[in-house]
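Comments concern the structure below.
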Number of protein chains: 2
Amino acid sequence: MRSEDIAKLAGVSRSTVSRVINNYSNVPEATRAKVLRVIEQYQYEPNSFARALAGKRTDTIGLFAISMNEKENASRIYQNSYFAPIVDLVIDTANARGFYVLIHTVYSPEDFQKIKQAFLQKRIDGGILVGTQKDIELVRELVGQEAPLVIVDYDIAEIMAERLNKNHLAVINSMDYEGTVEAIEYLIGLGHREIGIIKGRMNTFSGRERYMAYENTLKRHGLPLVEDFILEGDFLKETAYREAARLASAGKLPSALFSSNDDMAISAMEAFAEHGISVPDDISLIGFDDIQLSARVSPKLTSVKLPIDDMAKAAVEKVIGLCNAEAPAFSTESFPTRLVIRDSCKPARD
Amino acid sequence: MRSEDIAKLAGVSRSTVSRVINNYSNVPEATRAKVLRVIEQYQYEPNSFARALAGKRTDTIGLFAISMNEKENASRIYQNSYFAPIVDLVIDTANARGFYVLIHTVYSPEDFQKIKQAFLQKRIDGGILVGTQKDIELVRELVGQEAPLVIVDYDIAEIMAERLNKNHLAVINSMDYEGTVEAIEYLIGLGHREIGIIKGRMNTFSGRERYMAYENTLKRHGLPLVEDFILEGDFLKETAYREAARLASAGKLPSALFSSNDDMAISAMEAFAEHGISVPDDISLIGFDDIQLSARVSPKLTSVKLPIDDMAKAAVEKVIGLCNAEAPAFSTESFPTRLVIRDSCKPARD
DNA sequence: CTGAAAGCGCTTACAG
DNA sequence: CTGAAAGCGCTTACAG
């Protein structure tokens, strides 16, 4: 069933059918009704490819989760407590706005081609990028496509420094720095003076922000930065488990530990438990992200809540906005975090 | 940049460019190389809509998660421990096979139109349906599209009874019946004689299977079906929490409880805890699905592992297979479950 | 208000 | 082996 068939059945031309479908104003009610009836009756749907080819939109937005440098099978998207909710929330939001979402994960540089292709092949009206690392080259390539693009968690300074036509670009961030400051000062308020950290991946914006906030806050309060208490991490469970176990075996513990995300905090908790170290009795522990699991482990994890809902929704709205805009303009939005106090921190013993 | 431009630059016709792109055999190595060089140089990608319109595939499969009759905002896909991993695994698998995945959730009958449209508009080569309820009408509509379709968790008997041309259809199931029998017999083996159940949604295939297996196994072992111990459920946390709390308040407990899924089992655990009822000391509890959370709650939940990985992968492979098949044929596959014994069950006191 | 026609960017018989 | 041409199913100036 093509528009031509509908036209014949309704006794009009394809042009008119098209006008009805696209809701043009210049077709009389009677004609519109006649055509609509036939469309209804035959359950006709215009071929989306033909429409797109003839210049219409695809009503599809792309969602690309970038997670290079994770080992094969190590952390597929579905076990990733950060990506998984974003993916789901983007789907929910976009669907509610009448858009399909086309998804592709990027685990390797080759996968990255797929996302470039999605733009180049005009499969999507615009795209959302999650998990981008400090890689301005990659961003430049994508921005170069001149299609609406929203990047979640990226260093705006780096983008501003570039000579890019970024009018079809938007960046969504969370206030990781402020959130971390709040977490650290909460620990300080509890009397802790030896505060360690499990670092996130330092080539992500949030990883750097969280670390810098930690370092600066300790300094500002005149507290020592103890090298042994600064654990390397990459936001992944495995590494955190290993590092926490190492710290536990070493014998000397900080009195509190800030973990750059909850996934790592929970792994650390498990490692500590296996070494007979109790949270929060022997060590206070605080995480970041407030993933669902955090409220269900025991002790329940105190964490800085990442407004992932708002961020995902904003990303979708932004990309749709850019698609519709006559004269799109660069914009950026940063969402506040919130400290969620549960049971994993205690006042310091003196 | 269009194929015509490439053709000019390479000094050949569009036909030849197309042949190179589609890897036809009848073009000499020299010509191919010449064309490829230009394509490379200009980063040319054929417009996917034009290709699709001219008869090529879309390299996209649809994934549709149906979850009608859940309240607005109640159980969005990302909090659904059953859908979330399927979505993620389907994405991972399809991407690895070079396919994009187009996703749409279905929370209302109106949303359902979107999935029909995706087929009708030829946005996808084929689709995967998850969460289909006992609704042959809906299935019939979709099967009527004559596009490759894979349904996860559906009653084959119901499909067989229909006069459908189902050659482009495949059904993926898990062995819920056998899995439940194993769970119940495990409880019986521990000496339990009063075994309750929290039912799943009875209009899903797995919901019915799990219940029937429960009922039949008790009967076969000459154990009583106690009405008070048969709790209504719908696979969702909230309902299970309420029902378990009611059971707890009622005073009289079964010695063991089978929950039709883990999500509900864990909620029941929380409800029991709040009533001072200890799992497994006061009541043994066993779940189904083996979601990630089950290994992390305390006590760790004994559960029947649903081979969700295998099912999701099989669904993708099946739909791709149907897309490629010369003469597609109906097929069905049922995956075995496995009892994962953890800490939530104890021998019955006598 | 409405139709004939050109065009979107490909693929694929067809003919040579 | 390769090109000219038709066709995929729409939309949209253009002309009336």
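Just so we're on the same page: first chain in the structure tokens is A, next is B, and so on; residues restart at 1 for each chain, and ligands are numbered from 1 in the order they show up.
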Would you write out, as CSV, a table of all residues in chain A that have an atom no more than 9 Å from an atom of chain B, listing for each the closest atom pair and the distance in Å to one decimal, considering only C-alpha atoms and ordering rows by chain and rising residue number?
residue,atom,partner,partner_atom,distance
A:Gln43,CA,B:Leu120,CA,9.0
A:Tyr44,CA,B:Leu120,CA,7.9
A:Glu45,CA,B:Gln121,CA,5.9
A:Pro46,CA,B:Gln121,CA,6.0
A:Asn47,CA,B:Gln121,CA,4.4
A:Ser48,CA,B:Gln121,CA,5.0
A:Phe49,CA,B:Phe49,CA,4.7
A:Ala50,CA,B:Leu53,CA,6.2
A:Arg51,CA,B:Phe49,CA,8.8
A:Ala52,CA,B:Phe49,CA,6.7
A:Leu53,CA,B:Phe49,CA,5.9
A:Thr60,CA,B:Leu102,CA,8.6
A:Arg76,CA,B:Asp92,CA,7.3
A:Ile77,CA,B:Asp88,CA,6.2
A:Tyr78,CA,B:Asp88,CA,4.8
A:Gln79,CA,B:Pro85,CA,8.0
A:Ala84,CA,B:Tyr78,CA,7.2
A:Pro85,CA,B:Tyr78,CA,5.6
A:Ile86,CA,B:Tyr78,CA,8.4
A:Val87,CA,B:Tyr78,CA,8.0
A:Asp88,CA,B:Tyr78,CA,4.9
A:Leu89,CA,B:Tyr78,CA,6.8
A:Ile91,CA,B:His104,CA,7.0
A:Asp92,CA,B:Thr105,CA,7.0
A:Ala94,CA,B:His104,CA,8.9
A:Asn95,CA,B:His104,CA,6.2
A:Ala96,CA,B:Asp111,CA,8.7
A:Gly98,CA,B:Lys114,CA,8.4
A:Phe99,CA,B:His104,CA,8.5
A:Tyr100,CA,B:His104,CA,6.2
A:Val101,CA,B:Ile103,CA,5.5
A:Leu102,CA,B:Leu102,CA,4.5
A:Ile103,CA,B:Val101,CA,5.5
A:His104,CA,B:Tyr100,CA,6.2
A:Thr105,CA,B:Asn95,CA,7.0
A:Val106,CA,B:Asn95,CA,8.9
A:Asp111,CA,B:Asn95,CA,8.5
A:Lys114,CA,B:Gly98,CA,8.4
A:Gln117,CA,B:Glu45,CA,6.7
A:Ala118,CA,B:Ser48,CA,8.6
A:Leu120,CA,B:Glu45,CA,6.0
A:Gln121,CA,B:Asn47,CA,4.4
A:Lys122,CA,B:Asn47,CA,6.3
A:Arg123,CA,B:Ser48,CA,6.5
A:Gln292,CA,B:Gln79,CA,8.7
A:Leu293,CA,B:Leu293,CA,7.4
A:Arg296,CA,B:Val297,CA,6.7
A:Val297,CA,B:Val297,CA,6.2
A:Ser298,CA,B:Ser298,CA,7.8
> What residues in chain D have any atom no more than 10 Å from chain B when counting only C-alpha atoms (C1' of nucleotides), and can you write them as a PyMOL selection string?
Replying inline: chain D and resi 1-4+7-10
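For the pair CA of Ile230 in chain B and CA of Arg342 in chain B, the interatomic distance is 23.6 Å.
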> Just asking: which residues within range 40-188 of chain A are helix (DSSP H, G or I) according to DSSP, as number ranges by chain?
Replying inline: A: 40-42, 48-53, 77-79, 83-96, 109-120, 136-143, 156-160, 176-188
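Taking CA of Glu178 in chain A as the reference point, CA of Ser334 in chain A is found at 11.0 Å.
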